[in-house]
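Trainee: Supplied structure: my_file_27.csv, CSV, C-alpha atoms.
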chain,number,residue,atom,x,y,z
Z,1,MET,CA,130.1,20.9,50.3
Z,2,THR,CA,126.6,19.9,51.1
Z,3,THR,CA,125.7,16.4,52.4
Z,4,PRO,CA,123.2,14.7,50.0
Z,5,PRO,CA,119.8,14.2,51.7
Z,6,THR,CA,119.3,10.7,53.2
Z,7,LEU,CA,118.0,8.2,50.8
Z,8,THR,CA,114.6,6.8,51.9
Z,9,CYS,CA,113.2,3.4,51.2
Z,10,ARG,CA,110.7,5.1,48.9
Z,11,ASP,CA,113.6,6.7,46.9
Z,12,LEU,CA,115.4,3.4,46.7
Z,13,ILE,CA,112.4,1.4,45.5
Z,14,GLU,CA,111.5,4.0,42.9
Z,15,PHE,CA,114.9,3.5,41.2
Z,16,LEU,CA,115.3,-0.2,41.9
Z,17,ASP,CA,115.1,-1.1,38.2
Z,18,ASP,CA,118.0,1.2,37.5
Z,19,TYR,CA,120.0,-0.3,40.4
Z,20,VAL,CA,119.3,-3.9,39.2
Z,21,ALA,CA,120.2,-3.0,35.6
Z,22,GLN,CA,123.4,-1.2,36.9
Z,23,ARG,CA,122.4,2.1,35.2
Z,24,LEU,CA,123.2,4.3,38.3
Z,25,ASP,CA,126.2,6.5,38.4
Z,26,PRO,CA,128.9,5.4,40.9
Z,27,ALA,CA,128.0,8.0,43.5
Z,28,THR,CA,124.3,7.2,43.5
Z,29,ARG,CA,125.0,3.5,43.5
Z,30,ALA,CA,127.2,4.0,46.6
Z,31,ARG,CA,124.3,5.7,48.3
Z,32,PHE,CA,122.0,2.8,47.4
Z,33,ASP,CA,124.5,0.3,48.7
Z,34,ALA,CA,124.9,2.3,51.9
Z,35,HIS,CA,121.1,2.3,52.4
Z,36,LEU,CA,120.9,-1.4,51.6
Z,37,GLY,CA,123.6,-2.2,54.1
Z,38,ALA,CA,121.6,-0.6,56.8
Z,39,CYS,CA,118.0,-1.5,55.8
Z,40,ARG,CA,116.9,-5.1,56.1
Z,41,ALA,CA,113.5,-4.4,54.6
Z,42,CYS,CA,115.0,-3.0,51.4
Z,43,ARG,CA,117.5,-5.9,51.1
Z,44,ASP,CA,114.5,-8.3,51.3
Z,45,TYR,CA,112.6,-6.2,48.8
Z,46,LEU,CA,115.5,-6.2,46.4
Z,47,SER,CA,115.9,-9.9,46.7
Z,48,ASP,CA,112.3,-10.6,45.9
Z,49,TYR,CA,112.3,-8.1,43.1
Z,50,ARG,CA,115.3,-9.8,41.5
Z,51,ARG,CA,113.6,-13.2,42.0
Z,52,THR,CA,110.4,-11.9,40.4
Z,53,ILE,CA,112.4,-11.2,37.2
Z,54,GLU,CA,114.1,-14.6,37.3
Z,55,LEU,CA,110.8,-16.4,37.9
Z,56,SER,CA,108.9,-14.6,35.1
Z,57,HIS,CA,111.6,-15.7,32.7
Z,58,ALA,CA,111.9,-19.2,34.0
Z,59,SER,CA,108.2,-19.9,34.3
Z,60,PHE,CA,107.7,-19.6,30.5
Z,61,ALA,CA,111.1,-21.0,29.6
Z,62,ALA,CA,110.2,-24.2,31.4
Z,63,ALA,CA,106.8,-24.2,29.7
Z,64,ASP,CA,108.5,-24.2,26.3
Z,65,GLY,CA,110.3,-27.3,27.0
Z,66,PRO,CA,109.1,-30.8,26.2
Z,67,GLY,CA,106.4,-32.4,28.3
Z,68,ASP,CA,104.1,-29.4,28.6
Z,69,GLY,CA,101.1,-29.6,26.4
Z,70,HIS,CA,100.3,-25.9,26.6
Z,71,LEU,CA,103.3,-24.5,24.8
Z,72,ALA,CA,104.4,-27.4,22.6
Z,73,THR,CA,107.7,-27.3,20.8
Z,74,SER,CA,106.3,-28.7,17.6
Z,75,ALA,CA,104.0,-26.9,15.2
Z,76,PRO,CA,100.4,-28.1,15.6
Z,77,SER,CA,99.4,-29.6,12.2
Z,78,ASP,CA,96.0,-27.9,12.0
Z,79,VAL,CA,97.6,-24.5,12.4
Z,80,VAL,CA,100.3,-25.4,9.8
Z,81,ARG,CA,97.6,-26.5,7.4
Z,82,ALA,CA,95.7,-23.3,8.0
Z,83,VAL,CA,98.7,-21.1,7.4
Z,84,LEU,CA,99.8,-22.9,4.3
Z,85,ALA,CA,96.3,-22.6,2.9
Z,86,ALA,CA,96.2,-18.9,3.7
Z,87,LEU,CA,99.5,-18.4,2.0
Z,88,LYS,CA,98.4,-20.3,-1.1
Z,89,LYS,CA,95.5,-17.8,-1.4
Z,90,GLN,CA,97.8,-14.9,-1.6
Z,91,PRO,CA,97.9,-13.3,-5.0
D,1,MET,CA,132.8,-15.1,10.8
D,2,PRO,CA,132.8,-18.7,12.1
D,3,PRO,CA,132.1,-21.4,9.6
D,4,ASP,CA,128.7,-22.2,11.2
D,5,ALA,CA,127.5,-18.6,10.7
D,6,ILE,CA,128.6,-18.6,7.1
D,7,GLN,CA,126.7,-21.9,6.6
D,8,ILE,CA,123.6,-20.4,8.2
D,9,GLU,CA,123.8,-17.3,6.1
D,10,THR,CA,124.1,-19.4,2.9
D,11,ASP,CA,121.2,-21.6,4.0
D,12,GLU,CA,119.0,-18.6,4.8
D,13,ARG,CA,119.9,-16.9,1.5
D,14,GLU,CA,119.0,-20.0,-0.4
D,15,LEU,CA,115.8,-20.4,1.5
D,16,LEU,CA,114.9,-16.8,0.8
D,17,THR,CA,115.4,-17.2,-2.9
D,18,ARG,CA,113.1,-20.2,-2.9
D,19,LEU,CA,110.5,-18.4,-0.8
D,20,ARG,CA,110.5,-15.5,-3.2
D,21,ALA,CA,110.0,-18.0,-6.1
D,22,ARG,CA,106.9,-19.2,-4.1
D,23,ASP,CA,108.3,-22.6,-3.6
D,24,ASP,CA,105.7,-24.6,-1.6
D,25,ARG,CA,108.3,-26.8,0.1
D,26,ALA,CA,110.2,-23.7,1.3
D,27,PHE,CA,107.0,-22.2,2.7
D,28,GLU,CA,106.3,-25.4,4.6
D,29,THR,CA,109.9,-25.6,5.9
D,30,ILE,CA,109.8,-22.1,7.3
D,31,VAL,CA,106.3,-22.5,8.7
D,32,ARG,CA,107.2,-25.7,10.6
D,33,GLU,CA,110.5,-24.4,11.8
D,34,HIS,CA,109.4,-21.0,13.1
D,35,MET,CA,105.8,-21.5,14.1
D,36,PRO,CA,106.5,-22.9,17.6
D,37,ARG,CA,108.3,-19.9,18.8
D,38,MET,CA,105.9,-17.5,17.1
D,39,LEU,CA,102.9,-19.4,18.7
D,40,ALA,CA,104.6,-19.3,22.1
D,41,VAL,CA,105.0,-15.5,22.1
D,42,ALA,CA,101.5,-15.0,20.6
D,43,ARG,CA,100.0,-17.2,23.4
D,44,ARG,CA,101.9,-15.3,26.1
D,45,LEU,CA,100.5,-12.0,24.8
D,46,LEU,CA,97.0,-13.2,24.0
D,47,ARG,CA,96.4,-15.8,26.6
D,48,ASN,CA,94.2,-17.8,24.2
D,49,ASP,CA,95.2,-20.6,21.8
D,50,ASP,CA,92.7,-19.8,19.1
D,51,ASP,CA,93.6,-16.1,19.0
D,52,ALA,CA,97.3,-17.0,19.0
D,53,ALA,CA,96.9,-19.3,16.0
D,54,ASP,CA,95.0,-16.5,14.2
D,55,ALA,CA,97.8,-14.0,15.0
D,56,VAL,CA,100.4,-16.4,13.8
D,57,GLN,CA,98.5,-16.9,10.5
D,58,ASP,CA,98.2,-13.1,10.1
D,59,ALA,CA,101.9,-12.9,10.8
D,60,PHE,CA,102.9,-15.4,8.1
D,61,VAL,CA,100.6,-13.8,5.6
D,62,SER,CA,102.0,-10.3,6.3
D,63,ALA,CA,105.6,-11.7,6.3
D,64,PHE,CA,105.3,-13.3,2.9
D,65,ARG,CA,103.7,-10.2,1.5
D,66,SER,CA,106.7,-8.2,2.5
D,67,LEU,CA,109.3,-10.8,1.5
D,68,ASP,CA,110.7,-8.5,-1.1
D,69,ARG,CA,111.4,-5.9,1.5
D,70,PHE,CA,113.2,-8.3,3.8
D,71,GLU,CA,116.8,-7.1,3.6
D,72,GLY,CA,118.4,-10.1,5.3
D,73,ALA,CA,119.9,-7.7,7.9
D,74,SER,CA,118.5,-9.9,10.7
D,75,ARG,CA,117.9,-13.6,10.7
D,76,ILE,CA,114.6,-14.9,9.3
D,77,GLY,CA,113.6,-16.2,12.7
D,78,THR,CA,114.2,-12.8,14.4
D,79,TRP,CA,112.2,-11.0,11.6
D,80,LEU,CA,109.3,-13.5,11.9
D,81,HIS,CA,109.3,-13.2,15.7
D,82,ARG,CA,109.0,-9.4,15.5
D,83,ILE,CA,106.1,-9.8,13.0
D,84,ALA,CA,104.3,-12.3,15.3
D,85,VAL,CA,104.7,-9.9,18.2
D,86,ASN,CA,103.1,-7.1,16.1
D,87,ALA,CA,100.3,-9.3,14.9
D,88,ALA,CA,99.5,-10.5,18.4
D,89,LEU,CA,99.6,-6.9,19.8
D,90,MET,CA,97.2,-5.8,17.0
D,91,LYS,CA,94.8,-8.6,17.9
D,92,LEU,CA,95.1,-7.6,21.6
D,93,ARG,CA,94.2,-4.0,20.9
D,94,ALA,CA,91.3,-5.0,18.8
D,95,ARG,CA,89.9,-7.3,21.5
D,96,ALA,CA,87.5,-5.8,24.0
D,97,ARG,CA,89.5,-4.6,27.0
D,98,ARG,CA,89.0,-6.8,30.0
D,99,ASN,CA,87.6,-5.3,33.1
D,100,GLU,CA,91.0,-4.6,34.6
D,101,ALA,CA,91.9,-3.9,38.2
D,102,SER,CA,94.2,-1.0,38.7
D,103,ILE,CA,97.8,-1.8,39.2
D,104,GLU,CA,98.1,0.8,41.9
D,105,ALA,CA,96.7,-1.5,44.6
D,106,LEU,CA,99.6,-3.9,43.9
D,107,LEU,CA,102.4,-1.3,44.3
D,108,PRO,CA,104.3,-0.8,47.6
D,109,THR,CA,103.1,1.9,49.9
D,110,PHE,CA,105.1,4.1,52.2
D,111,GLN,CA,104.8,6.0,55.5
D,112,SER,CA,105.3,9.8,55.5
D,113,ASP,CA,108.9,9.4,56.5
D,114,GLY,CA,109.6,7.2,53.4
D,115,HIS,CA,109.7,3.8,55.2
D,116,ARG,CA,107.8,1.1,53.5
D,117,ASP,CA,104.5,-0.1,55.1
D,118,ASN,CA,104.4,-3.6,56.5
D,119,PRO,CA,107.7,-5.0,55.1
D,120,ARG,CA,107.8,-8.8,55.1
D,121,PRO,CA,110.8,-11.0,55.1
D,122,ALA,CA,112.2,-12.1,51.8
D,123,TRP,CA,110.8,-15.4,50.3
D,124,SER,CA,112.5,-18.2,52.0
D,125,THR,CA,112.1,-20.9,49.3
D,126,SER,CA,115.0,-21.0,46.8
D,127,THR,CA,114.3,-20.2,43.2
D,128,GLU,CA,115.5,-23.6,42.3
D,129,SER,CA,113.0,-25.5,44.5
D,130,LEU,CA,110.2,-23.2,43.3
D,131,LEU,CA,111.0,-24.0,39.7
D,132,GLU,CA,111.0,-27.7,40.4
D,133,ARG,CA,107.3,-27.8,40.9
D,134,ALA,CA,105.1,-27.7,37.9
D,135,GLU,CA,102.2,-26.2,39.9
D,136,THR,CA,104.4,-23.3,41.0
D,137,LEU,CA,105.3,-22.5,37.3
D,138,THR,CA,101.6,-22.6,36.4
D,139,MET,CA,100.9,-20.3,39.3
D,140,ILE,CA,103.5,-17.8,38.3
D,141,ARG,CA,102.2,-17.7,34.7
D,142,ALA,CA,98.7,-17.2,36.0
D,143,GLN,CA,99.9,-14.3,38.2
D,144,ILE,CA,101.6,-12.7,35.1
D,145,ASP,CA,98.3,-13.2,33.2
D,146,ALA,CA,96.5,-11.4,36.0
D,147,LEU,CA,98.4,-8.1,35.4
D,148,PRO,CA,96.6,-5.4,33.5
D,149,ASP,CA,97.3,-5.7,29.7
D,150,ASP,CA,99.3,-2.4,29.4
D,151,HIS,CA,101.8,-3.6,32.0
D,152,ARG,CA,101.6,-7.3,31.3
D,153,THR,CA,102.6,-6.8,27.6
D,154,VAL,CA,105.7,-4.8,28.6
D,155,LEU,CA,106.8,-7.5,31.2
D,156,VAL,CA,106.2,-10.3,28.7
D,157,LEU,CA,108.3,-8.6,26.0
D,158,ARG,CA,111.1,-7.4,28.3
D,159,ASP,CA,111.5,-10.0,31.0
D,160,VAL,CA,110.1,-13.1,29.3
D,161,GLU,CA,111.0,-12.6,25.6
D,162,GLY,CA,114.2,-10.6,26.3
D,163,LEU,CA,113.5,-7.7,23.9
D,164,ASP,CA,115.3,-4.5,24.7
D,165,THR,CA,113.6,-1.3,25.8
D,166,GLU,CA,113.8,0.2,22.3
D,167,ALA,CA,112.3,-2.8,20.5
D,168,THR,CA,109.6,-3.1,23.1
D,169,ALA,CA,108.8,0.6,22.7
D,170,GLU,CA,108.6,0.2,19.0
D,171,ALA,CA,106.3,-2.8,19.1
D,172,LEU,CA,103.9,-1.2,21.5
D,173,GLY,CA,104.0,2.3,20.0
D,174,ILE,CA,105.0,3.9,23.3
D,175,SER,CA,108.1,5.8,24.4
D,176,PRO,CA,111.2,4.1,25.9
D,177,GLY,CA,110.5,6.0,29.1
D,178,ALA,CA,107.0,4.6,29.3
D,179,VAL,CA,108.4,1.1,28.8
D,180,LYS,CA,110.8,1.6,31.7
D,181,THR,CA,108.1,2.9,34.0
D,182,ARG,CA,105.6,0.2,33.1
D,183,LEU,CA,108.2,-2.6,33.4
D,184,HIS,CA,109.2,-1.5,36.9
D,185,ARG,CA,105.6,-1.2,38.0
D,186,ALA,CA,104.7,-4.5,36.5
D,187,ARG,CA,107.6,-6.2,38.3
D,188,MET,CA,106.6,-4.6,41.6
D,189,ALA,CA,102.9,-5.7,41.1
D,190,LEU,CA,104.0,-9.2,40.2
D,191,ARG,CA,106.2,-9.3,43.3
D,192,THR,CA,103.1,-8.5,45.4
D,193,LEU,CA,101.0,-11.1,43.7
D,194,LEU,CA,103.8,-13.8,44.1
D,195,GLU,CA,104.3,-12.8,47.7
D,196,ARG,CA,100.6,-13.5,48.4
D,197,GLU,CA,101.0,-17.0,46.8
D,198,LEU,CA,104.4,-17.7,48.3
D,199,ALA,CA,103.6,-16.6,51.8
D,200,GLY,CA,104.4,-19.6,54.0
D,201,ALA,CA,105.7,-21.6,51.0
Could you show the structure in this file as structure tokens?
Mentor:
Amino acid sequence: MTTPPTLTCRDLIEFLDDYVAQRLDPATRARFDAHLGACRACRDYLSDYRRTIELSHASFAAADGPGDGHLATSAPSDVVRAVLAALKKQP
Amino acid sequence: MPPDAIQIETDERELLTRLRARDDRAFETIVREHMPRMLAVARRLLRNDDDAADAVQDAFVSAFRSLDRFEGASRIGTWLHRIAVNAALMKLRARARRNEASIEALLPTFQSDGHRDNPRPAWSTSTESLLERAETLTMIRAQIDALPDDHRTVLVLRDVEGLDTEATAEALGISPGAVKTRLHRARMALRTLLERELAGA
């Protein structure tokens, strides 16, 4: 049996999305976990990568809530009027 | 099926019948109810309120033209959301491309032995405290907006809108593999942009 080549930080980061989405087979996942256990820099990168995903989602989710003028929860009346007028013009 | 779902189905079927009969009130009901979410996704993709309003108008016109083909397999809201995404993407493609910086400069770099160059410690501020500050939220949205369009659209559809890989691939007319690659690169680039902003936060 041959020993799999050591996983580098580059290898780990290349497939980090698969790791986060839990798409790796158990053997590969175990190699990722072993690397992460020994590599502080990759643990930090993984943490920031996960938080980037959370922050992307949350930054817009928060903007959809009440109190933010940019992404209002109501339909602006001028746009409603324009759409209804456009629909009326349809044959 | 739970009673609520049956009620929603009945309501949607009735609304659909009225829409097909060109009932003005039904039009208005559906426009008012679904426009906010459609406008939100169009604004995220187009980064411009006027273009987003145009895209939503195009979306409604195209939706009502194809009402007869709407099978009712998905909810009306889901169907309209998909049409709004398509209308916004069409507008985006028609618009002159912005002078976009390459994403390469924002991706991590490595030494010849596979170790990452200049690793920094993980961000120290908790996600919760970052999200408490309105200016941080605005900053994050601005950094997403700064990504090149071909990567930004994938990140917005996947990580913000929550579309799956296949739906994103279909909307953008690219392969699922390309969606996966672009999403990973977009996240890494955004991580770099956020790191610059959050350093010392």
Trainee: Just give me the gap between atom CA of D:Glu161 and atom CA of Z:Ser47 in Å, one decimal is fine.
Mentor: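 Computed distance, atom CA of D:Glu161 to atom CA of Z:Ser47, equals 21.8 Å.
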Trainee: Between chain D and chain Z, at 8 Å or less, what are the per-residue closest atom pairs and their distances in Å? Count all atoms listed in the file, order by chain and rising residue number, and return it as a tab-separated table.
Mentor:
residue	atom	partner	partner_atom	distance
D:Phe27	CA	Z:Leu84	CA	7.4
D:Glu28	CA	Z:Leu84	CA	7.0
D:Val31	CA	Z:Val80	CA	6.8
D:Arg32	CA	Z:Ala75	CA	5.7
D:Glu33	CA	Z:Ala75	CA	7.7
D:Met35	CA	Z:Ala75	CA	5.8
D:Pro36	CA	Z:Ala75	CA	5.3
D:Arg37	CA	Z:Thr73	CA	7.7
D:Leu39	CA	Z:Leu71	CA	8.0
D:Ala40	CA	Z:Leu71	CA	6.0
D:Ala53	CA	Z:Val79	CA	6.4
D:Gln57	CA	Z:Val83	CA	5.2
D:Phe60	CA	Z:Val83	CA	7.1
D:Val61	CA	Z:Leu87	CA	5.9
D:Phe64	CA	Z:Leu87	CA	7.8
D:Phe110	CA	Z:Arg10	CA	6.6
D:Asp113	CA	Z:Thr8	CA	7.8
D:Gly114	CA	Z:Arg10	CA	5.1
D:His115	CA	Z:Cys9	CA	5.3
D:Arg116	CA	Z:Cys9	CA	6.3
D:Pro119	CA	Z:Ala41	CA	5.9
D:Arg120	CA	Z:Ala41	CA	7.2
D:Pro121	CA	Z:Asp44	CA	6.0
D:Ala122	CA	Z:Asp44	CA	4.5
D:Trp123	CA	Z:Asp48	CA	6.7
D:Thr127	CA	Z:Arg51	CA	7.1
D:Leu131	CA	Z:Ser59	CA	7.3
D:Leu137	CA	Z:Ser59	CA	4.9
D:Thr138	CA	Z:Ser59	CA	7.4
D:Ile140	CA	Z:Ser59	CA	6.5
D:Arg141	CA	Z:Ser59	CA	6.4
D:Ile144	CA	Z:Ser56	CA	7.5
D:Asp159	CA	Z:His57	CA	5.9
D:Val160	CA	Z:His57	CA	4.5
D:Glu161	CA	Z:His57	CA	7.8
D:His184	CA	Z:Asp17	CA	6.1
D:Arg187	CA	Z:Thr52	CA	6.7
D:Met188	CA	Z:Tyr49	CA	6.9
D:Leu190	CA	Z:Thr52	CA	6.9
D:Arg191	CA	Z:Thr52	CA	5.7
D:Leu194	CA	Z:Thr52	CA	7.8
Trainee: What separation in Å, quoted to one decimal, exists between atom CA of D:Thr78 and atom CA of D:Asp11?
Mentor: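 A separation of 15.3 Å between them.
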Trainee: Report, in Å with one decimal, the straight-line distance from atom CA of D:Ser124 to atom CA of D:Gln111.
Mentor: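 Straight-line distance from atom CA of D:Ser124 to atom CA of D:Gln111 works out to 25.6 Å.
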Trainee: Using only C-alpha atoms, which protein or nucleic acid residues come within 6 Å of stretch 81-84 of chain D? Drop anything in the same chain fewer than 6 positions from it, and give the result as a list in words.
Mentor: Met38, Val56 and Ala59 of chain D
Trainee: Keeping only C-alpha atoms, write the selected residues to a file as a PDB file, keeping the file's coordinate frame.
Mentor:
ATOM      1  CA  MET D  38     105.900 -17.500  17.100  1.00  0.00           C
ATOM      2  CA  VAL D  56     100.400 -16.400  13.800  1.00  0.00           C
ATOM      3  CA  ALA D  59     101.900 -12.900  10.800  1.00  0.00           C
TER       4      ALA D  59
END
Trainee: To box stretch 78-90 of chain Z, take all atoms listed in the file, fit an axis-aligned box, add 4 Å on each side, and give centre and edge lengths in Å to one decimal, as AutoDock Vina command-line options.
Mentor:
--center_x 97.9 --center_y -21.4 --center_z 5.4 --size_x 12.8 --size_y 21.0 --size_z 22.0
Trainee: Go through D:Ser66, D:Asp49, D:Arg196, D:Ile30 one by one, measure the shortest atom-to-atom distance of each to D:Arg18 using all atoms listed in the file, and give the residue with the smallest value.
Mentor: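 Closest to D:Arg18 of all the choices is D:Ile30.
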Trainee: Counting all atoms listed in the file, which residue out of D:Glu135, D:Glu170, D:Asp150, D:Glu71 sits closest to D:Ile103?
Mentor: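 Among the listed residues, D:Asp150 lies closest to D:Ile103.
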Trainee: Give me the residues near D:Asp51 as a list in words, where near means some atom within 12 Å (using all atoms listed in the file) and where sequence neighbours in that chain fewer than 6 positions away do not count.
Mentor: Val79 of chain Z; Leu39, Ala40, Val41, Ala42, Arg43, Arg44, Leu45, Gln57, Asp58, Ala84, Ala87, Ala88, Leu89, Met90, Lys91, Leu92, Ala94 and Arg95 of chain D
